[in-house]
>>> print(open('run.txt').read())   # compact mmCIF, C-alpha atoms
# COMPACT_ATOMS: atom_id res chain seq x y z
CA MET A 141 -64.86 8.84 -2.63
CA GLY A 142 -62.24 6.12 -2.28
CA LYS A 143 -61.08 4.58 0.95
CA TYR A 144 -58.41 6.26 3.00
CA ARG A 145 -55.08 4.56 2.44
CA VAL A 146 -53.30 3.47 5.61
CA VAL A 147 -49.74 2.25 6.14
CA HIS A 148 -49.26 0.28 9.35
CA TYR A 149 -45.98 -0.28 11.27
CA ILE A 150 -45.43 -3.29 13.55
CA ASN A 151 -42.47 -5.15 15.06
CA GLN A 152 -41.15 -8.64 14.34
CA PHE A 153 -43.09 -10.12 17.21
CA PHE A 154 -46.53 -8.91 16.16
CA ALA A 155 -45.74 -9.89 12.58
CA GLY A 156 -45.28 -13.46 13.77
CA ILE A 157 -41.68 -13.57 12.56
CA GLY A 158 -40.19 -14.32 15.94
CA GLY A 159 -39.31 -13.13 19.41
CA GLU A 160 -36.06 -11.72 20.71
CA GLU A 161 -33.93 -13.97 18.51
CA LYS A 162 -35.41 -12.08 15.53
CA ALA A 163 -35.25 -8.59 17.04
CA ASP A 164 -32.49 -7.61 14.61
CA TYR A 165 -34.89 -8.09 11.66
CA ARG A 166 -34.41 -5.36 9.06
CA PRO A 167 -37.31 -3.27 7.74
CA GLU A 168 -39.53 -5.08 5.31
CA VAL A 169 -42.74 -4.00 3.59
CA ARG A 170 -45.65 -6.28 2.76
CA GLU A 171 -48.62 -5.21 0.70
CA GLU A 172 -51.05 -6.91 3.02
CA VAL A 173 -52.66 -6.65 6.43
CA VAL A 174 -50.59 -8.34 9.14
CA GLY A 175 -51.20 -9.16 12.82
CA PRO A 176 -52.89 -6.36 14.76
CA GLY A 177 -53.65 -4.70 11.41
CA MET A 178 -56.50 -7.19 11.00
CA ALA A 179 -58.40 -5.77 13.93
CA LEU A 180 -57.70 -2.18 12.86
CA ASN A 181 -58.81 -2.88 9.32
CA ALA A 182 -62.01 -4.50 10.55
CA GLY A 183 -62.61 -1.48 12.78
CA PHE A 184 -62.39 0.90 9.82
CA LYS A 185 -65.54 -0.70 8.40
CA GLY A 186 -64.57 0.08 4.84
CA GLU A 187 -63.83 3.75 5.38
CA ALA A 188 -60.09 3.16 5.40
CA GLU A 189 -57.86 0.31 4.38
CA ILE A 190 -54.35 -0.85 5.26
CA VAL A 191 -52.50 -0.94 1.94
CA ALA A 192 -49.12 -1.90 3.32
CA THR A 193 -47.54 -3.15 6.54
CA ILE A 194 -43.97 -2.29 7.47
CA ILE A 195 -42.23 -4.72 9.79
CA CYS A 196 -39.00 -4.03 11.62
CA GLY A 197 -37.18 -5.74 14.48
CA ASP A 198 -37.10 -3.73 17.72
CA SER A 199 -33.37 -4.12 18.30
CA TYR A 200 -32.55 -3.27 14.70
CA PHE A 201 -34.57 -0.06 14.97
CA ASN A 202 -33.14 1.01 18.31
CA GLU A 203 -29.55 0.21 17.46
CA ASN A 204 -29.76 1.99 14.10
CA ILE A 205 -32.31 4.72 14.74
CA GLU A 206 -31.27 7.08 11.93
CA GLU A 207 -30.87 4.42 9.23
CA ALA A 208 -34.05 2.60 10.21
CA LYS A 209 -35.99 5.84 10.20
CA ALA A 210 -34.74 6.79 6.74
CA GLU A 211 -35.44 3.33 5.29
CA ILE A 212 -38.94 3.23 6.71
CA LEU A 213 -39.77 6.78 5.60
CA GLU A 214 -38.87 5.77 2.04
CA MET A 215 -41.20 2.78 2.29
CA VAL A 216 -44.06 4.88 3.62
CA LYS A 217 -43.56 7.53 0.94
CA LYS A 218 -43.96 4.98 -1.82
CA TYR A 219 -47.54 4.25 -0.81
CA ASN A 220 -48.55 7.89 -0.42
CA PRO A 221 -50.98 7.05 2.39
CA ASP A 222 -53.62 9.32 3.95
CA LEU A 223 -52.75 8.00 7.38
CA PHE A 224 -49.93 6.22 9.19
CA ILE A 225 -50.43 4.01 12.26
CA ALA A 226 -47.71 2.39 14.40
CA GLY A 227 -48.28 -0.25 17.05
CA PRO A 228 -49.91 -0.59 19.53
CA ALA A 229 -46.69 -1.13 21.49
CA PHE A 230 -48.22 -1.57 24.98
CA ASN A 231 -45.34 -1.64 27.52
CA ALA A 232 -42.62 -2.90 25.16
CA GLY A 233 -39.91 -0.25 25.55
CA ARG A 234 -37.95 -0.62 22.34
CA TYR A 235 -41.14 -1.12 20.31
CA GLY A 236 -42.58 2.05 21.87
CA VAL A 237 -39.47 4.05 21.04
CA ALA A 238 -39.63 2.74 17.45
CA CYS A 239 -43.34 3.55 17.11
CA GLY A 240 -42.88 7.04 18.55
CA THR A 241 -39.81 7.82 16.43
CA ILE A 242 -41.37 6.71 13.17
CA THR A 243 -44.79 8.27 13.85
CA ASP A 244 -43.09 11.58 14.63
CA ALA A 245 -40.94 11.35 11.49
CA VAL A 246 -43.85 10.48 9.17
CA GLN A 247 -45.87 13.38 10.52
CA LYS A 248 -43.03 15.90 10.41
CA GLU A 249 -41.12 14.88 7.31
CA LEU A 250 -43.89 13.54 5.10
CA GLY A 251 -46.73 15.68 6.44
CA ILE A 252 -48.98 12.63 6.74
CA PRO A 253 -51.38 12.41 9.71
CA ALA A 254 -50.08 9.73 12.05
CA LEU A 255 -50.76 8.09 15.38
CA THR A 256 -49.44 5.36 17.61
CA ALA A 257 -50.55 3.70 20.83
CA MET A 258 -48.80 2.48 23.97
CA TYR A 259 -48.92 2.17 27.75
CA GLU A 260 -48.34 5.36 29.73
CA GLU A 261 -45.05 4.11 31.26
CA ASN A 262 -43.51 3.17 27.92
CA PRO A 263 -40.37 5.33 27.44
CA GLY A 264 -41.74 6.25 23.99
CA VAL A 265 -44.44 8.29 25.73
CA ASP A 266 -42.16 10.79 27.43
CA MET A 267 -40.09 11.09 24.29
CA PHE A 268 -42.92 11.85 21.89
CA LYS A 269 -46.17 12.75 23.65
CA LYS A 270 -45.73 16.43 22.89
CA SER A 271 -45.39 16.02 19.15
CA ILE A 272 -47.73 13.14 18.27
CA TYR A 273 -51.02 11.50 19.18
CA ILE A 274 -50.37 8.47 21.38
CA VAL A 275 -53.46 6.49 22.30
CA ALA A 276 -53.24 5.23 25.89
CA THR A 277 -53.36 1.43 26.08
CA LYS A 278 -53.10 -1.22 28.78
CA ASN A 279 -49.66 -2.60 29.62
CA SER A 280 -49.86 -5.87 27.70
CA ALA A 281 -51.20 -7.28 24.47
CA ALA A 282 -54.17 -8.60 26.44
CA GLY A 283 -55.43 -5.04 25.97
CA MET A 284 -55.42 -5.30 22.17
CA ARG A 285 -59.18 -5.10 21.73
CA ASP A 286 -59.40 -2.06 23.99
CA ALA A 287 -56.48 -0.41 22.18
CA VAL A 288 -57.99 -0.97 18.74
CA SER A 289 -61.37 0.36 19.84
CA LYS A 290 -59.67 3.62 20.87
CA MET A 291 -57.27 3.88 17.94
CA VAL A 292 -59.87 3.43 15.19
CA PRO A 293 -62.06 6.50 15.89
CA LEU A 294 -59.04 8.79 16.38
CA ALA A 295 -57.39 7.39 13.24
CA LEU A 296 -60.48 8.04 11.14
CA LYS A 297 -60.83 11.57 12.50
CA LEU A 298 -57.20 12.30 11.63
CA ALA A 299 -57.67 10.86 8.12
CA ARG A 300 -60.78 12.98 7.57
CA GLY A 301 -58.94 16.03 8.82
CA GLU A 302 -61.52 16.63 11.54
CA GLU A 303 -60.82 18.61 14.64
CA ILE A 304 -59.41 16.48 17.47
CA GLY A 305 -60.98 16.92 20.90
CA SER A 306 -59.36 16.79 24.32
CA PRO A 307 -57.20 13.87 25.49
CA GLU A 308 -60.07 12.63 27.68
CA GLU A 309 -62.57 12.66 24.81
CA GLU A 310 -60.28 11.02 22.27
CA ASN A 311 -58.29 8.68 24.56
CA TYR A 312 -54.83 9.92 23.70
CA ILE A 313 -52.06 10.91 26.11
CA ALA A 314 -52.10 14.63 26.96
CA ARG A 315 -49.70 16.58 24.78
CA GLY A 316 -49.44 19.63 26.98
CA ILE A 317 -51.31 21.83 24.52
CA ARG A 318 -53.59 24.53 25.93
CA LYS A 319 -56.66 25.42 23.99
CA ASN A 320 -58.95 28.39 24.56
CA PHE A 321 -62.66 27.74 24.78
CA PHE A 322 -65.74 29.54 26.05
CA THR A 323 -67.39 28.43 29.22
CA ASP A 324 -70.47 29.80 30.96
CA LYS A 325 -68.72 30.09 34.32
CA ARG A 326 -66.05 32.65 34.78
CA GLY A 327 -62.64 31.89 36.24
CA SER A 328 -63.24 33.25 39.72
CA GLU A 329 -66.35 31.14 40.13
CA ARG A 330 -64.56 28.01 38.92
CA ALA A 331 -61.61 28.70 41.20
CA VAL A 332 -63.84 29.11 44.27
CA GLU A 333 -65.71 25.90 43.41
CA MET A 334 -62.43 24.05 43.09
CA LEU A 335 -61.17 25.44 46.37
CA ILE A 336 -64.36 24.41 48.20
CA LYS A 337 -64.06 20.90 46.82
CA LYS A 338 -60.46 20.78 47.90
CA LEU A 339 -61.32 21.99 51.42
CA LYS A 340 -64.03 19.37 51.70
CA GLY A 341 -61.56 16.74 50.62
CA GLU A 342 -63.58 16.01 47.47
CA GLU A 343 -62.13 15.13 44.12
CA PHE A 344 -61.44 18.01 41.78
CA VAL A 345 -59.79 18.41 38.41
CA THR A 346 -57.22 21.13 37.92
CA GLU A 347 -57.49 23.21 34.77
CA TYR A 348 -53.76 23.59 34.56
CA PRO A 349 -51.66 20.66 35.76
CA MET A 350 -48.12 21.61 36.68
CA PRO A 351 -45.50 19.98 34.50
CA ASP A 352 -43.56 17.26 36.26
CA PHE A 353 -39.83 17.80 35.77
CA ASP A 354 -38.30 15.17 37.93
CA ARG A 355 -34.61 15.58 37.33
CA VAL A 356 -31.81 14.84 39.74
CA LYS A 357 -28.74 17.06 39.58
CA PRO A 358 -25.52 15.27 38.75
CA ASN A 359 -23.35 14.50 41.75
CA PRO A 360 -19.79 15.80 41.81
CA ALA A 361 -17.24 13.77 39.89
CA VAL A 362 -15.00 11.19 41.55
CA LYS A 363 -11.81 12.96 42.62
CA ASP A 364 -9.40 10.06 42.73
CA ILE A 365 -10.62 7.01 40.87
CA THR A 366 -7.56 4.99 41.98
CA LYS A 367 -8.92 5.12 45.53
CA ALA A 368 -12.60 4.84 44.69
CA THR A 369 -14.87 1.89 45.32
CA ILE A 370 -16.96 1.25 42.23
CA ALA A 371 -20.19 -0.76 42.36
CA LEU A 372 -21.96 -2.48 39.49
CA VAL A 373 -25.73 -2.39 39.04
CA THR A 374 -27.64 -3.73 36.05
CA SER A 375 -31.15 -3.84 34.67
CA GLY A 376 -29.92 -6.53 32.28
CA GLY A 377 -30.86 -9.40 34.56
CA ILE A 378 -27.43 -10.95 35.24
CA VAL A 379 -27.89 -13.39 38.12
CA PRO A 380 -26.03 -16.40 39.54
CA LYS A 381 -26.73 -19.55 37.55
CA GLY A 382 -30.17 -20.90 38.32
CA ASN A 383 -31.58 -17.48 39.24
CA PRO A 384 -31.74 -18.21 43.01
CA ASP A 385 -34.08 -15.30 43.78
CA HIS A 386 -36.41 -16.17 40.90
CA ILE A 387 -36.32 -12.69 39.45
CA GLU A 388 -39.09 -12.57 36.86
CA SER A 389 -38.12 -12.42 33.17
CA SER A 390 -40.50 -9.49 32.75
CA SER A 391 -42.37 -7.10 35.07
CA ALA A 392 -39.83 -7.84 37.79
CA SER A 393 -41.12 -7.48 41.34
CA LYS A 394 -37.68 -7.68 42.97
CA TYR A 395 -33.95 -7.23 42.59
CA GLY A 396 -31.03 -9.34 43.77
CA LYS A 397 -27.81 -8.54 45.63
CA TYR A 398 -24.99 -10.89 44.71
CA ASP A 399 -21.53 -11.50 46.11
CA ILE A 400 -18.77 -11.49 43.49
CA GLU A 401 -15.83 -11.85 45.84
CA GLY A 402 -13.37 -14.24 44.27
CA PHE A 403 -14.83 -13.89 40.79
CA ASN A 404 -12.29 -12.63 38.26
CA ASN A 405 -14.70 -13.12 35.48
CA LEU A 406 -18.32 -14.19 34.97
CA THR A 407 -18.85 -17.29 32.86
CA SER A 408 -21.66 -19.43 31.56
CA GLU A 409 -20.77 -21.88 34.35
CA ASP A 410 -21.68 -19.54 37.16
CA HIS A 411 -23.90 -16.72 35.87
CA GLN A 412 -26.69 -16.15 33.35
CA THR A 413 -29.34 -13.62 32.44
CA ALA A 414 -32.89 -13.77 33.74
CA HIS A 415 -34.04 -11.07 31.31
CA GLY A 416 -36.83 -12.03 28.92
CA GLY A 417 -36.70 -8.90 26.80
CA TYR A 418 -33.63 -9.51 24.68
CA ASP A 419 -31.99 -12.46 22.98
CA PRO A 420 -30.19 -14.14 25.95
CA VAL A 421 -27.68 -16.13 23.88
CA TYR A 422 -24.79 -13.61 24.13
CA ALA A 423 -25.26 -12.75 27.80
CA ASN A 424 -25.51 -16.43 28.76
CA GLU A 425 -22.39 -17.25 26.78
CA ASP A 426 -20.41 -14.54 28.57
CA PRO A 427 -22.22 -12.50 31.25
CA ASP A 428 -19.32 -9.98 31.25
CA ARG A 429 -20.91 -8.68 28.05
CA VAL A 430 -23.59 -7.15 30.27
CA LEU A 431 -21.82 -6.86 33.63
CA PRO A 432 -18.10 -6.15 33.05
CA VAL A 433 -16.68 -7.87 36.13
CA ASP A 434 -13.64 -9.17 34.22
CA VAL A 435 -12.41 -5.74 33.15
CA LEU A 436 -13.07 -4.08 36.51
CA ARG A 437 -11.23 -6.87 38.32
CA GLU A 438 -8.30 -6.38 35.99
CA MET A 439 -8.29 -2.64 36.61
CA GLU A 440 -8.54 -3.24 40.35
CA ARG A 441 -5.42 -5.41 40.18
CA GLU A 442 -3.61 -2.78 38.12
CA GLY A 443 -4.51 -0.12 40.67
CA LYS A 444 -6.53 1.85 38.09
CA ILE A 445 -9.53 1.79 40.42
CA GLY A 446 -9.53 1.49 44.19
CA LYS A 447 -11.87 -1.43 44.51
CA LEU A 448 -14.74 -3.25 42.85
CA HIS A 449 -17.54 -3.38 45.43
CA ARG A 450 -18.09 -6.87 46.79
CA TYR A 451 -21.76 -7.00 45.81
CA TYR A 452 -23.52 -6.18 42.61
CA TYR A 453 -27.23 -5.55 42.25
CA ALA A 454 -29.42 -6.79 39.42
CA THR A 455 -32.97 -6.67 38.26
CA VAL A 456 -34.78 -7.23 34.98
CA GLY A 457 -35.79 -4.05 33.22
CA ASN A 458 -38.43 -5.50 30.95
CA GLY A 459 -41.88 -4.01 31.25
CA THR A 460 -40.99 -3.42 34.90
CA ALA A 461 -43.22 -0.78 36.47
CA VAL A 462 -41.49 2.56 36.96
CA LYS A 463 -42.74 2.51 40.54
CA SER A 464 -40.98 -0.81 41.22
CA ALA A 465 -37.73 0.26 39.58
CA LYS A 466 -37.78 3.46 41.61
CA ALA A 467 -38.35 1.55 44.85
CA PHE A 468 -35.54 -0.95 44.07
CA ALA A 469 -33.08 1.80 43.27
CA GLU A 470 -33.94 3.81 46.38
CA LYS A 471 -32.94 0.84 48.51
CA ILE A 472 -29.92 -0.02 46.38
CA GLY A 473 -28.69 3.59 46.45
CA LYS A 474 -29.04 3.79 50.21
CA GLU A 475 -27.20 0.51 50.79
CA LEU A 476 -24.38 1.43 48.43
CA LYS A 477 -23.97 4.79 50.10
CA GLU A 478 -23.87 3.20 53.55
CA ALA A 479 -21.36 0.61 52.34
CA GLY A 480 -18.98 3.42 51.40
CA VAL A 481 -19.24 3.05 47.63
CA ASP A 482 -18.02 6.13 45.73
CA ALA A 483 -19.56 5.68 42.30
CA VAL A 484 -21.79 3.35 40.30
CA ILE A 485 -21.67 1.88 36.83
CA LEU A 486 -25.18 0.91 35.77
CA THR A 487 -25.55 -1.17 32.64
CA SER A 488 -28.75 -1.62 30.63
CA THR A 489 -29.58 -3.85 27.72
CA MET B 937 -32.98 3.43 38.53
CA VAL B 938 -30.09 5.68 37.54
CA LYS B 939 -31.97 8.67 38.83
CA GLU B 940 -32.78 7.16 42.24
CA ILE B 941 -29.20 6.02 42.81
CA GLU B 942 -27.97 9.49 41.83
CA ARG B 943 -30.52 10.92 44.26
CA ALA B 944 -28.97 8.81 47.03
CA GLY B 945 -25.81 10.86 46.50
CA LEU B 946 -23.69 8.67 44.26
CA PRO B 947 -22.43 9.66 40.82
CA VAL B 948 -23.75 7.12 38.30
CA VAL B 949 -22.66 6.41 34.78
CA HIS B 950 -25.23 4.69 32.59
CA ILE B 951 -23.83 2.36 29.95
CA CYS B 952 -26.66 1.63 27.56
CA THR B 953 -27.40 1.15 23.89
CA VAL B 954 -30.55 3.21 23.45
CA VAL B 955 -29.32 6.66 24.45
CA PRO B 956 -32.72 8.40 23.93
CA ILE B 957 -34.22 6.15 26.63
CA SER B 958 -31.38 6.96 29.00
CA LEU B 959 -31.96 10.68 28.41
CA THR B 960 -35.68 10.23 29.02
CA VAL B 961 -35.19 8.42 32.33
CA GLY B 962 -32.87 11.18 33.53
CA ALA B 963 -29.37 9.71 33.51
CA ASN B 964 -26.71 12.41 33.87
CA ARG B 965 -23.60 10.62 32.64
CA ILE B 966 -24.26 8.39 29.64
CA VAL B 967 -21.90 6.11 27.72
CA PRO B 968 -23.37 4.59 24.53
CA ALA B 969 -22.96 0.81 24.37
CA VAL B 970 -22.51 -1.71 21.57
CA ALA B 971 -25.87 -3.47 21.14
CA ILE B 972 -28.96 -4.33 23.14
CA PRO B 973 -28.23 -8.04 23.81
CA HIS B 974 -24.51 -7.40 24.41
CA PRO B 975 -23.96 -3.81 25.56
CA LEU B 976 -20.33 -4.46 26.57
CA GLY B 977 -19.31 -7.06 24.05
CA ASN B 978 -19.35 -8.10 20.45
CA PRO B 979 -19.57 -11.83 19.74
CA ALA B 980 -18.29 -11.23 16.21
CA LEU B 981 -14.83 -10.34 17.57
CA SER B 982 -12.13 -12.64 18.88
CA PRO B 983 -12.18 -13.01 22.69
CA GLU B 984 -9.10 -10.75 22.97
CA ASP B 985 -10.53 -7.99 20.79
CA GLU B 986 -13.86 -8.26 22.53
CA LYS B 987 -12.27 -7.80 25.92
CA ALA B 988 -10.27 -4.84 24.63
CA LEU B 989 -13.52 -3.30 23.41
CA ARG B 990 -15.12 -3.86 26.81
CA ARG B 991 -12.12 -2.35 28.56
CA LYS B 992 -12.36 0.76 26.37
CA LEU B 993 -16.02 1.19 27.26
CA VAL B 994 -15.36 0.74 30.99
CA GLU B 995 -12.46 3.21 30.81
CA LYS B 996 -14.76 5.68 29.10
CA ALA B 997 -17.33 5.14 31.85
CA LEU B 998 -14.70 5.76 34.51
CA ARG B 999 -13.63 8.93 32.72
CA ALA B 1000 -17.25 10.04 32.74
CA LEU B 1001 -17.37 9.49 36.51
CA GLN B 1002 -14.28 11.70 36.87
CA THR B 1003 -15.79 14.48 34.75
CA GLU B 1004 -17.81 17.26 36.38
CA VAL B 1005 -21.10 17.73 34.52
CA GLU B 1006 -23.79 20.35 34.95
CA ASP B 1007 -26.40 18.62 32.87
CA GLN B 1008 -27.16 15.36 31.08
CA THR B 1009 -24.03 14.49 29.11
CA VAL B 1010 -23.44 11.79 26.53
CA PHE B 1011 -19.78 10.73 26.40
CA GLU B 1012 -19.27 9.85 22.75
CA ASP B 1013 -15.47 9.54 22.73
>>> encode(input="run.txt", output="structure tokens")
Amino acid sequence: MGKYRVVHYINQFFAGIGGEEKADYRPEVREEVVGPGMALNAGFKGEAEIVATIICGDSYFNENIEEAKAEILEMVKKYNPDLFIAGPAFNAGRYGVACGTITDAVQKELGIPALTAMYEENPGVDMFKKSIYIVATKNSAAGMRDAVSKMVPLALKLARGEEIGSPEEENYIARGIRKNFFTDKRGSERAVEMLIKKLKGEEFVTEYPMPDFDRVKPNPAVKDITKATIALVTSGGIVPKGNPDHIESSSASKYGKYDIEGFNNLTSEDHQTAHGGYDPVYANEDPDRVLPVDVLREMEREGKIGKLHRYYYATVGNGTAVKSAKAFAEKIGKELKEAGVDAVILTST
Amino acid sequence: MVKEIERAGLPVVHICTVVPISLTVGANRIVPAVAIPHPLGNPALSPEDEKALRRKLVEKALRALQTEVEDQTVFED
């Protein structure tokens, strides 16, 4: 029997084409093994082989999701593979969304077994974990070896059409699928055992985790915008020139609160971006492109809004832990509320 | 972040380019932006046209803040 044919999807960074300045790179196919494909191919030990690598810039994919998806599906179709692999994307948000979107599309629209891999906090996980196999990886490319060692066995099983075991056995992120199986202990016995463990304060594993729907209900609309104080918040990393608080370009551990009294407009003279996850050229040239101080000032003068709040808040949303972002925003929300702000415009890059 | 600020009791409008991410993180009022590196701008336009574009987006965001919503809503126009 021949080798299983694999098509691999990676972004511009892992293809060695470039960083953020090349993130608008359009889909391209190469009939060779590129970047992380090397390690995957080696892991297959001859049982499968990467016949083509599709490369696409993360910004291009995310700004043109439908077109990018269609273009890439056409490319995949041409090679008629037995398996499709995307990533690993680790904690790169746009890359994770791209990997999830295309893996889901290949599986659904082409009927080809597919998998991807990323860190559990990657937004691609929540979007696609129910429909596809996502191998859980570490949060940075330093975890490449670990990721590949988990992706290879699952990939081969999918290619062979073998039955896939539980998330724990196969190292993928739980999809919320319940499966019946026979066990030698009946339910009542297992329940009592679990209860005893719980009472003793010992560790126990639930057989049915409750789904976590953490949604916040929308607040009522602003009644009279011409009297309202509007505050600006951004995850796009706009900071005063020189980044006085040294907010990290990725995995930010803090946020900043900055006074914009007297600023009619943000310019390259006085503000910049600290964000390391997008091409900074445009934001540095004119920071209003991320934080629209100029327009809000204008509308404040025209009486279209009551007031632009004196301080804006900024952090860098680039591989930043969800826990950190949540903690920042709890404090920011509380301060804004206490300062009498009526509504918030939050901008993200 | 949008969700925690909303939880503090303030209506939030999220201006962002990748709407699926905004939906996933639980934003309630969403205004799609121009592009990832310049959500509220377009360097290909003249400064005047670019500012007009930004003003339109901000006006849309303010309209979103004045609109009662029951659920996650994307304000396309």
>>> atom_distance(input="run.txt", atom1="atom CA of Val949 of chain B", atom2="atom CA of Ile966 of chain B")
5.7 Å
>>> residues_around(input="run.txt", residues="Phe268 of chain A", least_positions_apart="2", cutoff="10 Å", atoms="all atoms listed in the file", output="number ranges by chain")
A: 236-237, 239-241, 243-244, 263-266, 270-274, 315
>>> interface_residues(input="run.txt", of="chain B", to="chain A", cutoff="8 Å", atoms="all atoms listed in the file", output="ChimeraX atom specification")
/B:937-954,956-957,960-962,964-965,971-979,987,990-991,994,997-998,1001-1008
>>> atom_distance(input="run.txt", atom1="atom CA of Ile378 of chain A", atom2="atom CA of Thr455 of chain A")
7.6 Å
>>> atom_distance(input="run.txt", atom1="atom CA of Asp410 of chain A", atom2="atom CA of Lys381 of chain A")
5.1 Å
>>> closest_residue(input="run.txt", among="B:Glu995, B:Pro968, B:Leu981, B:Ala988", to="Val1010 of chain B", atoms="only C-alpha atoms")
B:Pro968
>>> residues_around(input="run.txt", residues="Ser389 of chain A", least_positions_apart="6", cutoff="7 Å", atoms="all atoms listed in the file", output="JSON list (two decimals) with C-alpha atoms, in the frame of the given file")
[["chain", "number", "residue", "atom", "x", "y", "z"],
["A", 414, "ALA", "CA", -32.89, -13.77, 33.74],
["A", 415, "HIS", "CA", -34.04, -11.07, 31.31],
["A", 416, "GLY", "CA", -36.83, -12.03, 28.92],
["A", 456, "VAL", "CA", -34.78, -7.23, 34.98]]
